[in-house]
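File shown: coords.txt. Contents: compact mmCIF, C-alpha atoms and all ligand atoms.
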```
# COMPACT_ATOMS: atom_id res chain seq x y z
CA MET I 1 -21.68 -19.36 10.99
CA THR I 2 -18.60 -17.53 9.77
CA PHE I 3 -15.38 -18.76 11.29
CA ARG I 4 -13.32 -16.11 13.04
CA ILE I 5 -10.16 -16.55 15.05
CA ASP I 6 -11.08 -16.35 18.69
CA GLN I 7 -9.20 -13.73 20.73
CA ALA I 8 -8.68 -16.40 23.40
CA PHE I 9 -6.88 -18.50 20.77
CA ILE I 10 -4.46 -15.64 20.12
CA GLU I 11 -3.87 -15.15 23.86
CA GLN I 12 -3.20 -18.84 24.24
CA ALA I 13 -0.77 -18.87 21.31
CA ASN I 14 0.93 -15.80 22.80
CA GLY I 15 1.31 -17.63 26.08
CA ALA I 16 3.56 -20.16 24.43
CA GLU I 17 5.76 -17.40 22.94
CA ALA I 18 5.84 -15.02 25.91
CA SER I 19 8.98 -16.09 27.76
CA ALA I 20 11.14 -16.20 24.62
CA LEU I 21 9.87 -12.74 23.69
CA GLU I 22 10.68 -11.42 27.14
CA GLU I 23 14.26 -12.69 26.86
CA ASP I 24 14.74 -11.29 23.36
CA LEU I 25 13.23 -7.96 24.31
CA GLU I 26 15.50 -7.68 27.33
CA ALA I 27 18.57 -8.34 25.17
CA LEU I 28 17.45 -5.78 22.58
CA THR I 29 16.68 -3.20 25.27
CA ARG I 30 20.19 -3.66 26.72
CA ASN I 31 21.70 -3.37 23.24
CA LEU I 32 19.77 -0.16 22.48
CA ARG I 33 20.59 1.31 25.90
CA ARG I 34 24.31 0.82 25.19
CA ARG I 35 23.78 2.75 21.97
CA GLY I 36 21.95 5.56 23.79
CA ILE I 37 18.56 4.72 22.25
CA ALA I 38 15.53 4.84 24.55
CA LEU I 39 12.93 2.18 23.90
CA ALA I 40 9.77 4.05 24.95
CA PRO I 41 9.58 6.62 22.10
CA VAL I 42 10.31 3.91 19.52
CA LEU I 43 7.53 1.74 20.95
CA ALA I 44 5.16 4.71 21.01
CA ALA I 45 5.87 5.57 17.36
CA LEU I 46 5.44 1.95 16.31
CA LYS I 47 2.10 1.71 18.09
CA GLN I 48 0.85 4.61 15.97
CA PHE I 49 1.98 3.10 12.68
CA GLN I 50 -0.68 1.90 10.25
CA VAL I 51 -0.58 0.58 6.71
CA ALA I 52 -3.77 0.00 4.70
CA LEU I 53 -4.64 -3.33 3.12
CA PRO I 54 -5.71 -3.51 -0.53
CA SER I 55 -9.12 -5.18 -0.92
CA TRP I 56 -7.76 -6.80 -4.09
CA GLY I 57 -4.81 -8.25 -2.17
CA VAL I 58 -6.81 -10.85 -0.24
CA GLY I 59 -7.74 -12.69 -3.42
CA THR I 60 -5.20 -14.75 -5.30
CA GLY I 61 -3.76 -12.40 -7.90
CA GLY I 62 -2.60 -13.62 -11.23
CA THR I 63 -0.47 -12.77 -14.17
CA ARG I 64 -1.48 -12.19 -17.77
CA PHE I 65 -0.85 -15.92 -18.24
CA ALA I 66 -3.06 -17.40 -15.59
CA ARG I 67 -4.63 -17.16 -12.23
CA PHE I 68 -4.54 -20.11 -9.86
CA PRO I 69 -7.33 -19.60 -7.35
CA MET I 70 -6.98 -21.21 -3.94
CA ALA I 71 -9.63 -22.86 -1.85
CA GLY I 72 -11.43 -20.54 0.54
CA GLU I 73 -10.83 -17.34 -1.42
CA PRO I 74 -13.15 -14.43 -0.68
CA ARG I 75 -15.98 -14.19 -3.20
CA GLY I 76 -16.95 -10.58 -2.69
CA ILE I 77 -16.18 -7.47 -0.73
CA TYR I 78 -17.82 -8.69 2.49
CA GLU I 79 -15.63 -11.79 2.57
CA LYS I 80 -12.63 -9.67 1.61
CA LEU I 81 -13.31 -7.55 4.67
CA ASP I 82 -13.47 -10.70 6.79
CA ASP I 83 -9.99 -11.66 5.58
CA CYS I 84 -8.66 -8.13 6.12
CA ALA I 85 -10.08 -8.23 9.64
CA THR I 86 -8.15 -11.45 10.26
CA VAL I 87 -4.92 -9.79 9.15
CA GLN I 88 -5.68 -6.84 11.42
CA GLN I 89 -6.55 -9.12 14.33
CA LEU I 90 -3.12 -10.73 14.15
CA VAL I 91 -0.86 -7.76 13.31
CA ARG I 92 -2.85 -4.79 14.70
CA ALA I 93 -1.35 -2.30 12.26
CA THR I 94 -3.76 -2.64 9.33
CA PRO I 95 -7.17 -1.28 10.41
CA ASN I 96 -7.91 0.45 7.08
CA ILE I 97 -8.80 -0.97 3.71
CA SER I 98 -8.21 0.55 0.31
CA LEU I 99 -11.12 -0.31 -2.01
CA HIS I 100 -11.00 -0.60 -5.78
CA PHE I 101 -14.09 0.27 -7.83
CA PRO I 102 -15.96 -1.15 -9.59
CA TRP I 103 -14.56 -4.41 -8.20
CA ASP I 104 -15.83 -3.55 -4.70
CA LYS I 105 -19.02 -1.81 -5.75
CA VAL I 106 -22.05 -2.43 -3.50
CA ASP I 107 -25.62 -1.19 -3.65
CA ASP I 108 -25.71 -0.28 0.02
CA SER I 109 -22.63 1.64 1.14
CA ALA I 110 -24.07 2.27 4.60
CA ALA I 111 -24.41 -1.48 5.19
CA LEU I 112 -20.83 -2.06 4.05
CA LYS I 113 -19.57 0.68 6.34
CA THR I 114 -21.48 -0.77 9.29
CA TYR I 115 -20.11 -4.24 8.54
CA ALA I 116 -16.55 -2.87 8.37
CA GLN I 117 -16.97 -0.92 11.59
CA ALA I 118 -18.20 -4.00 13.40
CA LEU I 119 -14.95 -5.69 12.34
CA GLY I 120 -12.94 -2.70 13.57
CA LEU I 121 -12.10 -1.63 10.02
CA GLY I 122 -12.22 1.72 8.24
CA PHE I 123 -11.50 2.83 4.67
CA ASP I 124 -8.39 4.45 3.25
CA ALA I 125 -8.04 5.92 -0.26
CA VAL I 126 -10.38 4.46 -2.88
CA ASN I 127 -9.07 3.48 -6.31
CA SER I 128 -10.72 3.97 -9.67
CA ASN I 129 -10.36 1.53 -12.53
CA THR I 130 -10.27 2.82 -16.08
CA PHE I 131 -7.78 0.20 -17.19
CA GLN I 132 -10.44 -2.45 -17.85
CA ASP I 133 -13.75 -2.37 -19.66
CA GLN I 134 -16.64 -3.38 -17.45
CA ALA I 135 -19.47 -5.61 -18.68
CA GLY I 136 -22.02 -3.58 -20.58
CA ALA I 137 -19.86 -0.43 -20.70
CA THR I 138 -20.90 2.00 -23.38
CA GLN I 139 -17.33 3.15 -24.08
CA SER I 140 -14.07 1.20 -24.35
CA TYR I 141 -10.73 1.99 -22.74
CA ARG I 142 -8.81 0.00 -25.35
CA PHE I 143 -7.05 3.16 -26.51
CA GLY I 144 -7.03 5.00 -23.22
CA SER I 145 -9.34 6.58 -20.70
CA LEU I 146 -8.70 10.04 -19.25
CA THR I 147 -6.37 10.83 -22.17
CA HIS I 148 -8.40 9.20 -24.95
CA THR I 149 -8.70 11.13 -28.21
CA ASP I 150 -12.51 10.75 -28.07
CA ALA I 151 -14.19 13.11 -25.60
CA ALA I 152 -16.99 10.59 -25.03
CA VAL I 153 -14.52 8.06 -23.63
CA ARG I 154 -12.84 10.71 -21.50
CA ASP I 155 -16.23 11.75 -20.10
CA HIS I 156 -17.03 8.11 -19.33
CA ALA I 157 -13.76 7.80 -17.38
CA ILE I 158 -14.29 11.13 -15.61
CA ALA I 159 -17.80 10.05 -14.58
CA HIS I 160 -16.42 6.78 -13.17
CA ASN I 161 -13.85 8.66 -11.07
CA ILE I 162 -16.51 11.02 -9.75
CA GLU I 163 -18.67 8.03 -8.88
CA CYS I 164 -15.67 6.59 -6.96
CA ILE I 165 -15.42 9.81 -4.95
CA LYS I 166 -19.12 9.57 -4.06
CA ARG I 167 -18.84 5.92 -3.10
CA GLY I 168 -15.70 6.64 -1.06
CA ALA I 169 -17.30 9.60 0.69
CA ALA I 170 -20.23 7.42 1.74
CA LEU I 171 -17.75 5.04 3.36
CA GLY I 172 -15.63 7.67 5.10
CA SER I 173 -12.65 7.66 2.72
CA LYS I 174 -10.77 10.90 2.21
CA ALA I 175 -8.83 10.32 -1.00
CA LEU I 176 -9.07 8.99 -4.53
CA THR I 177 -6.06 7.28 -6.09
CA VAL I 178 -5.97 7.52 -9.88
CA TRP I 179 -3.77 5.20 -11.84
CA ILE I 180 -4.34 5.02 -15.58
CA GLY I 181 -2.78 2.57 -17.98
CA ASP I 182 -3.07 5.11 -20.82
CA GLY I 183 -0.21 5.35 -23.26
CA SER I 184 0.99 3.94 -26.54
CA ASN I 185 2.66 0.80 -27.84
CA PHE I 186 4.15 2.36 -30.98
CA ALA I 187 6.17 5.48 -31.64
CA GLY I 188 3.82 7.81 -33.43
CA GLN I 189 0.67 6.12 -32.10
CA SER I 190 -0.10 9.04 -29.75
CA ASN I 191 0.91 12.64 -29.54
CA LEU I 192 3.08 12.81 -26.41
CA THR I 193 2.10 16.40 -25.67
CA THR I 194 -1.62 16.47 -26.37
CA SER I 195 -2.27 13.20 -24.52
CA PHE I 196 -0.86 14.81 -21.35
CA GLU I 197 -2.91 17.94 -21.97
CA ARG I 198 -6.05 15.83 -22.24
CA TYR I 199 -5.07 14.14 -18.96
CA LEU I 200 -4.85 17.50 -17.21
CA GLU I 201 -8.21 18.55 -18.60
CA SER I 202 -9.88 15.32 -17.43
CA MET I 203 -8.22 15.44 -14.03
CA THR I 204 -9.32 19.06 -13.59
CA ALA I 205 -12.94 17.91 -13.93
CA ILE I 206 -12.38 15.14 -11.34
CA TYR I 207 -10.50 17.51 -9.02
CA ALA I 208 -13.48 19.89 -9.12
CA ALA I 209 -15.67 17.09 -7.72
CA LEU I 210 -13.48 16.48 -4.65
CA PRO I 211 -15.14 17.29 -1.31
CA ALA I 212 -13.35 20.00 0.68
CA ASP I 213 -11.49 17.53 2.92
CA TRP I 214 -10.49 15.15 0.10
CA GLN I 215 -7.25 14.66 -1.79
CA ILE I 216 -6.49 13.10 -5.14
CA PHE I 217 -3.43 10.85 -5.41
CA ILE I 218 -1.73 10.57 -8.78
CA GLU I 219 -0.02 7.22 -9.26
CA HIS I 220 2.62 7.02 -11.97
CA LYS I 221 3.98 3.86 -13.57
CA LEU I 222 6.83 3.51 -16.04
CA TYR I 223 5.25 0.93 -18.34
CA GLU I 224 2.63 -1.81 -18.66
CA PRO I 225 0.12 -2.03 -20.26
CA ALA I 226 1.60 0.69 -22.53
CA PHE I 227 5.05 -0.44 -23.67
CA TYR I 228 6.26 2.47 -25.78
CA ALA I 229 5.15 5.49 -23.73
CA THR I 230 2.91 5.79 -20.70
CA VAL I 231 1.25 9.16 -20.19
CA ILE I 232 1.94 9.34 -16.43
CA ALA I 233 5.21 7.44 -16.52
CA ASP I 234 7.37 9.03 -13.86
CA TRP I 235 7.40 11.17 -10.74
CA GLY I 236 8.28 14.29 -12.73
CA THR I 237 5.13 13.99 -14.82
CA SER I 238 3.14 13.12 -11.71
CA TYR I 239 4.52 16.20 -9.95
CA ALA I 240 3.79 18.45 -12.94
CA ALA I 241 0.19 17.24 -12.92
CA ALA I 242 -0.20 17.59 -9.14
CA ALA I 243 1.25 21.11 -9.26
CA ALA I 244 -1.04 22.09 -12.13
CA LEU I 245 -4.15 20.69 -10.41
CA GLY I 246 -3.74 22.35 -7.02
CA PRO I 247 -3.13 21.69 -3.32
CA LYS I 248 -5.46 18.68 -3.05
CA ALA I 249 -3.43 16.77 -5.67
CA LYS I 250 -0.38 14.79 -4.57
CA CYS I 251 1.94 12.11 -5.95
CA LEU I 252 1.65 8.49 -4.92
CA VAL I 253 4.75 6.32 -5.06
CA ASP I 254 4.19 2.65 -5.88
CA LEU I 255 7.56 1.03 -5.19
CA GLY I 256 7.32 -1.17 -8.29
CA HIS I 257 6.58 1.60 -10.77
CA HIS I 258 10.11 2.82 -11.52
CA ALA I 259 12.99 1.90 -13.78
CA PRO I 260 14.98 -0.89 -12.09
CA THR I 261 17.93 1.21 -10.94
CA VAL I 262 16.04 4.35 -9.96
CA ASN I 263 16.83 5.74 -6.52
CA ILE I 264 13.32 5.69 -5.02
CA GLU I 265 14.34 7.16 -1.67
CA GLN I 266 15.63 10.22 -3.50
CA ILE I 267 12.28 10.62 -5.27
CA VAL I 268 10.66 10.43 -1.84
CA ALA I 269 12.99 13.15 -0.55
CA ARG I 270 12.16 15.38 -3.53
CA LEU I 271 8.41 14.92 -3.14
CA VAL I 272 8.66 15.67 0.59
CA HIS I 273 10.58 18.84 -0.23
CA LEU I 274 7.96 19.82 -2.82
CA ARG I 275 5.15 19.08 -0.31
CA LYS I 276 3.58 16.69 -2.77
CA LEU I 277 4.13 13.24 -1.29
CA ALA I 278 0.71 11.56 -1.17
CA GLY I 279 1.94 8.24 0.13
CA PHE I 280 2.85 4.75 -0.98
CA HIS I 281 1.77 1.54 -2.56
CA PHE I 282 4.17 -0.87 -0.90
CA ASN I 283 5.40 -4.00 -2.62
CA ASP I 284 8.74 -5.34 -3.75
CA SER I 285 10.19 -6.20 -7.12
CA ARG I 286 13.22 -7.68 -8.78
CA TYR I 287 12.57 -6.84 -12.42
CA GLY I 288 9.59 -4.52 -12.96
CA ASP I 289 6.16 -4.09 -11.42
CA ASP I 290 6.42 -7.55 -9.89
CA ASP I 291 4.01 -6.83 -7.03
CA LEU I 292 5.98 -9.19 -4.79
CA ASP I 293 5.68 -9.13 -1.01
CA SER I 294 7.11 -6.06 0.71
CA GLY I 295 10.61 -6.65 1.98
CA SER I 296 11.00 -9.97 0.17
CA VAL I 297 13.58 -8.80 -2.40
CA ASP I 298 15.29 -5.66 -1.17
CA PRO I 299 14.58 -4.85 2.48
CA PHE I 300 17.45 -2.33 2.52
CA ARG I 301 15.68 -0.20 -0.09
CA LEU I 302 12.50 -0.28 1.97
CA PHE I 303 14.52 0.82 4.99
CA LEU I 304 16.07 3.69 3.00
CA VAL I 305 12.59 4.88 2.00
CA PHE I 306 11.55 4.88 5.66
CA ASN I 307 14.79 6.60 6.58
CA GLU I 308 13.65 9.55 4.44
CA LEU I 309 10.20 9.48 6.04
CA VAL I 310 11.54 9.44 9.59
CA ASP I 311 14.00 12.18 8.65
CA ALA I 312 11.11 14.27 7.27
CA THR I 313 9.15 13.76 10.48
CA ALA I 314 12.15 14.67 12.61
CA ARG I 315 12.64 17.86 10.59
CA GLY I 316 8.94 18.72 10.91
CA ALA I 317 8.51 18.75 7.12
CA ALA I 318 5.51 20.81 6.04
CA GLU I 319 2.31 19.21 4.67
CA PHE I 320 3.75 15.81 5.36
CA ALA I 321 1.16 13.13 6.16
CA PRO I 322 1.76 10.24 3.77
CA ALA I 323 -0.81 7.48 3.36
CA TYR I 324 0.64 3.98 3.59
CA MET I 325 -0.98 1.24 1.55
CA ILE I 326 0.04 -2.21 0.39
CA ASP I 327 -0.41 -3.04 -3.31
CA GLN I 328 0.64 -6.60 -4.07
CA SER I 329 -0.43 -9.54 -6.16
CA HIS I 330 -0.24 -12.85 -4.33
CA ASN I 331 0.09 -15.61 -6.87
CA VAL I 332 1.76 -18.51 -5.10
CA THR I 333 0.97 -17.87 -1.45
CA ASP I 334 -2.05 -17.70 0.79
CA PRO I 335 -2.79 -13.94 0.42
CA ILE I 336 -3.44 -13.59 4.15
CA GLU I 337 0.01 -14.99 4.92
CA SER I 338 1.59 -12.59 2.42
CA LEU I 339 -0.24 -9.64 3.90
CA LEU I 340 0.73 -10.62 7.45
CA SER I 341 4.39 -10.88 6.56
CA SER I 342 4.31 -7.76 4.36
CA ALA I 343 2.74 -5.63 7.07
CA VAL I 344 5.45 -6.82 9.47
CA SER I 345 8.21 -6.13 6.91
CA ILE I 346 6.95 -2.58 6.42
CA GLN I 347 6.79 -2.04 10.19
CA ARG I 348 10.27 -3.51 10.46
CA ALA I 349 11.69 -0.98 7.99
CA TYR I 350 10.00 1.80 9.93
CA ALA I 351 11.34 0.51 13.27
CA GLN I 352 14.86 0.26 11.87
CA ALA I 353 14.61 3.81 10.52
CA LEU I 354 13.52 5.00 13.96
CA LEU I 355 16.80 3.63 15.36
CA VAL I 356 19.02 5.79 13.14
CA ASP I 357 21.15 8.09 15.29
CA ARG I 358 20.19 11.27 13.41
CA ALA I 359 22.43 13.63 15.36
CA ALA I 360 25.46 11.42 14.73
CA LEU I 361 24.45 11.05 11.08
CA ALA I 362 24.22 14.83 10.59
CA GLU I 363 27.61 15.21 12.23
CA ALA I 364 29.21 12.56 10.02
CA GLN I 365 27.67 14.17 6.95
CA ALA I 366 29.01 17.58 7.97
CA ARG I 367 32.49 16.07 8.37
CA ASN I 368 32.16 14.37 4.97
CA ASP I 369 32.75 11.05 6.69
CA ALA I 370 31.19 8.93 3.96
CA LEU I 371 31.72 5.53 5.51
CA GLY I 372 31.02 6.76 9.02
CA ALA I 373 27.64 8.11 7.88
CA HIS I 374 26.86 4.95 5.97
CA ASN I 375 27.72 2.80 8.97
CA ILE I 376 25.28 4.77 11.11
CA LEU I 377 22.51 3.79 8.71
CA LYS I 378 23.76 0.22 8.56
CA ALA I 379 23.85 -0.07 12.36
CA ALA I 380 20.15 0.73 12.43
CA PHE I 381 19.34 -1.51 9.49
CA ASN I 382 21.29 -4.42 10.96
CA THR I 383 19.42 -4.31 14.27
CA ASP I 384 17.00 -7.18 14.65
CA VAL I 385 13.87 -5.32 15.74
CA SER I 386 11.65 -8.45 15.69
CA PRO I 387 11.13 -8.45 19.49
CA LEU I 388 10.03 -4.81 19.37
CA LEU I 389 7.48 -5.52 16.66
CA ALA I 390 6.20 -8.56 18.51
CA GLU I 391 5.88 -6.58 21.73
CA VAL I 392 3.88 -3.83 20.00
CA ARG I 393 1.55 -6.48 18.57
CA ARG I 394 1.20 -8.18 21.95
CA LEU I 395 0.42 -4.89 23.71
CA SER I 396 -2.35 -4.17 21.19
CA GLY I 397 -3.93 -7.60 21.42
CA GLY I 398 -2.30 -9.07 18.33
CA ALA I 399 -0.21 -12.19 17.88
CA ILE I 400 3.42 -12.44 18.96
CA ALA I 401 3.90 -14.84 16.06
CA PRO I 402 1.24 -13.86 13.46
CA LEU I 403 2.03 -16.40 10.75
CA LYS I 404 2.37 -19.34 13.14
CA THR I 405 -0.84 -18.37 14.93
CA TYR I 406 -2.69 -17.94 11.63
CA ARG I 407 -1.62 -21.38 10.44
CA ALA I 408 -2.50 -22.97 13.76
CA SER I 409 -6.00 -21.43 13.61
CA GLN I 410 -6.78 -23.31 10.37
CA TYR I 411 -8.61 -20.20 9.17
CA ARG I 412 -8.18 -21.07 5.50
CA HIS I 413 -9.33 -24.62 6.07
CA TYR I 414 -12.60 -23.35 7.56
CA LYS I 415 -13.02 -20.82 4.76
CA ALA I 416 -12.54 -23.54 2.15
CA SER I 417 -15.75 -25.19 3.30
CA GLU I 418 -17.61 -21.94 3.97
CA ARG I 419 -16.76 -20.53 0.55
CA PRO I 420 -17.23 -23.04 -2.24
CA ALA I 421 -14.82 -22.35 -5.11
CA ALA I 422 -15.92 -20.12 -7.98
CA ALA I 423 -16.48 -22.09 -11.19
CA VAL I 424 -14.14 -20.23 -13.57
CA ALA I 425 -10.44 -19.62 -13.18
CA ALA I 426 -9.99 -16.28 -14.91
CA ALA I 427 -6.65 -14.89 -16.04
CA GLY I 428 -5.41 -11.49 -15.05
CA ILE I 429 -4.81 -9.31 -12.07
CA VAL I 430 -7.63 -8.85 -9.61
C1 LIG F 501 -1.15 -0.74 -11.34
O1 LIG F 501 -0.13 -1.62 -11.62
C2 LIG F 501 -1.45 -0.68 -9.84
O2 LIG F 501 -0.26 -0.49 -9.13
C3 LIG F 501 -2.45 0.39 -9.50
O3 LIG F 501 -2.28 0.83 -8.19
C4 LIG F 501 -3.72 -0.33 -9.60
O4 LIG F 501 -4.78 0.36 -9.11
C5 LIG F 501 -3.33 -1.60 -8.85
O5 LIG F 501 -2.05 -1.88 -9.41
C6 LIG F 501 -4.27 -2.76 -8.91
O6 LIG F 501 -4.24 -3.43 -10.14
MN MN F 502 -0.22 0.60 -7.21
```
For this file, produce the structure as structure tokens.
Amino acid sequence: MTFRIDQAFIEQANGAEASALEEDLEALTRNLRRRGIALAPVLAALKQFQVALPSWGVGTGGTRFARFPMAGEPRGIYEKLDDCATVQQLVRATPNISLHFPWDKVDDSAALKTYAQALGLGFDAVNSNTFQDQAGATQSYRFGSLTHTDAAVRDHAIAHNIECIKRGAALGSKALTVWIGDGSNFAGQSNLTTSFERYLESMTAIYAALPADWQIFIEHKLYEPAFYATVIADWGTSYAAAAALGPKAKCLVDLGHHAPTVNIEQIVARLVHLRKLAGFHFNDSRYGDDDLDSGSVDPFRLFLVFNELVDATARGAAEFAPAYMIDQSHNVTDPIESLLSSAVSIQRAYAQALLVDRAALAEAQARNDALGAHNILKAAFNTDVSPLLAEVRRLSGGAIAPLKTYRASQYRHYKASERPAAAVAAAGIV
């Protein structure tokens, strides 16, 4: 028997939190009313909000130094879905899963889809992996994949991406995210121009295999594993590739994939303007691609990203339907706890952005009232929207206090006995 948190357990836990929530919600409602903000549209928008979970995020991640597995970790995609379903059960904003092939490869896609559906889960964008060699592979990605100098390696990587599309289509996904680690570690190692040209050629072959209703998301990353030059290093390169490929190609923004001081919200604004924003891989970082929990380092930056997204929605920006996904590596926490709190942090940034008085902001901007405009943003950011988020969860059957309820359920304790630990502690990101 697989342990699952009983819905009655959540209701019972909610019972103990209900009166405090009612009080806090009343106070927040009064506060918002004074500021001329109606609660109902904010609640309605929040109820619609969804962010996809990464299948690789429910396992303990790792660094290039080590991986420290925890008891009760999922041992395959079915158990990963069980854990994702638990996150969804508690937060009710994460019904879709982003798979990563070949890590999540199964023989029977129909059975996996049925299993997911029974858990109330669906599938978001699928991810290809040409940054690792798989056991028994006939070609090596040591010196690149889609941009490799050898056409045989490029073909191998193209074939893998096309296989990902097929696997994704069988599961009901509608997009392929392509991140490649290709690049060079030494000046002179690669030709900076021809490597990009080879990328475009390879991506054109993958693009041609997209079903009519599919999109391809190009994910850029400044560095790592290539430390001198990465082929798809920045949003400009990503945009150039998306523009060259065609309307189904868009640019995916992973929050950790930029130079430390880059203004990410401005990149978001540019991609919205160019009609090429695919969506996000949410995480947080202090130094580089840290893959830390969303909102744990710089929640203001996350809010500013959402401010651009809400602004784009309010303006009715064309071809604007970003996909929201989490991409984190949980090294020192229970991954489920990290995903619960990350999903809530992302919702929080969205809720705060919904509270921005956009008419007043436009007016302050027109008057060149720099501090006045800034304070309008800050007023929204400084609002504690926790009761709103809790209420949305409660209304959809989730937990008022997800983390507390999760811990009280002893889910991980049960999984530790259901899922005997794997024998080897491997290094590296999973
Ligand atoms: C690369 O750092 C990345 O952000 C890409 O999205 C990968 O697919 C993911 O991490 C998982 O390793
Ligand atoms: Mn990513």
Selection near I:Asn375, 12 Å with all atoms listed in the file, sequence-local residues under 4 positions removed, as a PyMOL selection string
chain I and resi 356-357+360-361+364-365+369-371+379-382
With distances taken over all atoms listed in the file, which of I:Glu391, I:Glu308, I:Asp254, I:Glu337 is nearest to ligand MN 502 (chain F)?
I:Asp254
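Compared by their closest atoms to ligand MN 502 (chain F), and using all atoms listed in the file, the residues I:Phe123, I:Phe186, I:Tyr287, I:Trp56 rank with I:Trp56 nearest.
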Can I get the residues of chain I within 8 Å of ligand LIG 501 (chain F), each with the closest pair of atoms and their distance in Å to one decimal, using only C-alpha atoms and all ligand atoms, sorted chain first then ascending number, as a tab-separated table?
```
residue	atom	partner	partner_atom	distance
I:Trp56	CA	F:LIG501	C6	7.2
I:His100	CA	F:LIG501	O4	7.1
I:Asn127	CA	F:LIG501	O4	6.0
I:Ser128	CA	F:LIG501	O4	7.0
I:Asn129	CA	F:LIG501	O4	6.6
I:Thr177	CA	F:LIG501	O4	7.7
I:Val178	CA	F:LIG501	O4	7.3
I:Trp179	CA	F:LIG501	C3	5.5
I:Ile180	CA	F:LIG501	C1	7.8
I:Gly181	CA	F:LIG501	C1	7.6
I:Glu219	CA	F:LIG501	O3	6.9
I:Lys221	CA	F:LIG501	O1	7.1
I:Glu224	CA	F:LIG501	O1	7.6
I:Asp254	CA	F:LIG501	O2	6.3
I:Gly256	CA	F:LIG501	O2	7.7
I:His257	CA	F:LIG501	O2	7.3
I:His281	CA	F:LIG501	O3	7.0
I:Asp289	CA	F:LIG501	O1	6.8
I:Asp291	CA	F:LIG501	O2	7.9
I:Asp327	CA	F:LIG501	O2	6.4
I:Gln328	CA	F:LIG501	O5	7.6
I:Ile429	CA	F:LIG501	O6	6.2
I:Val430	CA	F:LIG501	O6	6.4
```
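Among the candidates I:Ala152, I:Met70, I:Cys251, I:Leu46, the residue lying nearest to I:Ile346 is I:Leu46 (atoms considered: only C-alpha atoms).
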Close residues, I:Thr130 itself excluded, 8 Å, all atoms listed in the file, min 3 positions apart in chain, as an NGL selection string:
:I and (133 or 141 or 145 or 157 or 160 or 180-181)
Resulting file, chosen residues, C-alpha atoms, as a PDB file, in the coordinates of the input:
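Saved to again-v2.pdb:
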```
ATOM      1  CA  ASP I 133     -13.750  -2.370 -19.660  1.00  0.00           C
ATOM      2  CA  TYR I 141     -10.730   1.990 -22.740  1.00  0.00           C
ATOM      3  CA  SER I 145      -9.340   6.580 -20.700  1.00  0.00           C
ATOM      4  CA  ALA I 157     -13.760   7.800 -17.380  1.00  0.00           C
ATOM      5  CA  HIS I 160     -16.420   6.780 -13.170  1.00  0.00           C
ATOM      6  CA  ILE I 180      -4.340   5.020 -15.580  1.00  0.00           C
ATOM      7  CA  GLY I 181      -2.780   2.570 -17.980  1.00  0.00           C
TER       8      GLY I 181
END
```
Name the residues in contact with I:Ala229 at a cut-off of 7 Å, using only C-alpha atoms, excluding same-chain residues fewer than 4 positions from it; report them as a compact mmCIF listing (two decimals) with C-alpha atoms, keeping the file's coordinate frame.
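Final output, part.txt:
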```txt
# COMPACT_ATOMS: atom_id res chain seq x y z
CA GLY I 183 -0.21 5.35 -23.26
CA SER I 184 0.99 3.94 -26.54
CA ASN I 185 2.66 0.80 -27.84
```
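If you count all atoms listed in the file and ignore residues fewer than 3 places along the chain from I:Thr383, what sits within 12 Å of it is Ala27, Leu28, Thr29, Asn31, Leu32, Arg35, Phe303, Arg348, Ala349, Ala351, Gln352, Ala353, Leu354, Leu355, Val356, Ile376, Leu377, Lys378, Ala379, Ala380, Ser386, Pro387 and Leu388 of chain I.
In this model, the gap between atom CA of I:Ser329 and atom CA of I:Gly57 comes to 6.1 Å.
Across the model, the gap from atom CA of I:Ile216 to atom CA of I:Arg198 is 17.3 Å.
Of the listed residues (I:Gly136, I:Leu25, I:Leu403, I:Leu99), I:Leu403 comes nearest to I:Pro335; the distances count all atoms listed in the file.
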Could you tell me how far atom CA of I:Pro260 lies from atom CA of I:Gly288, in Å and to one decimal?
6.6 Å
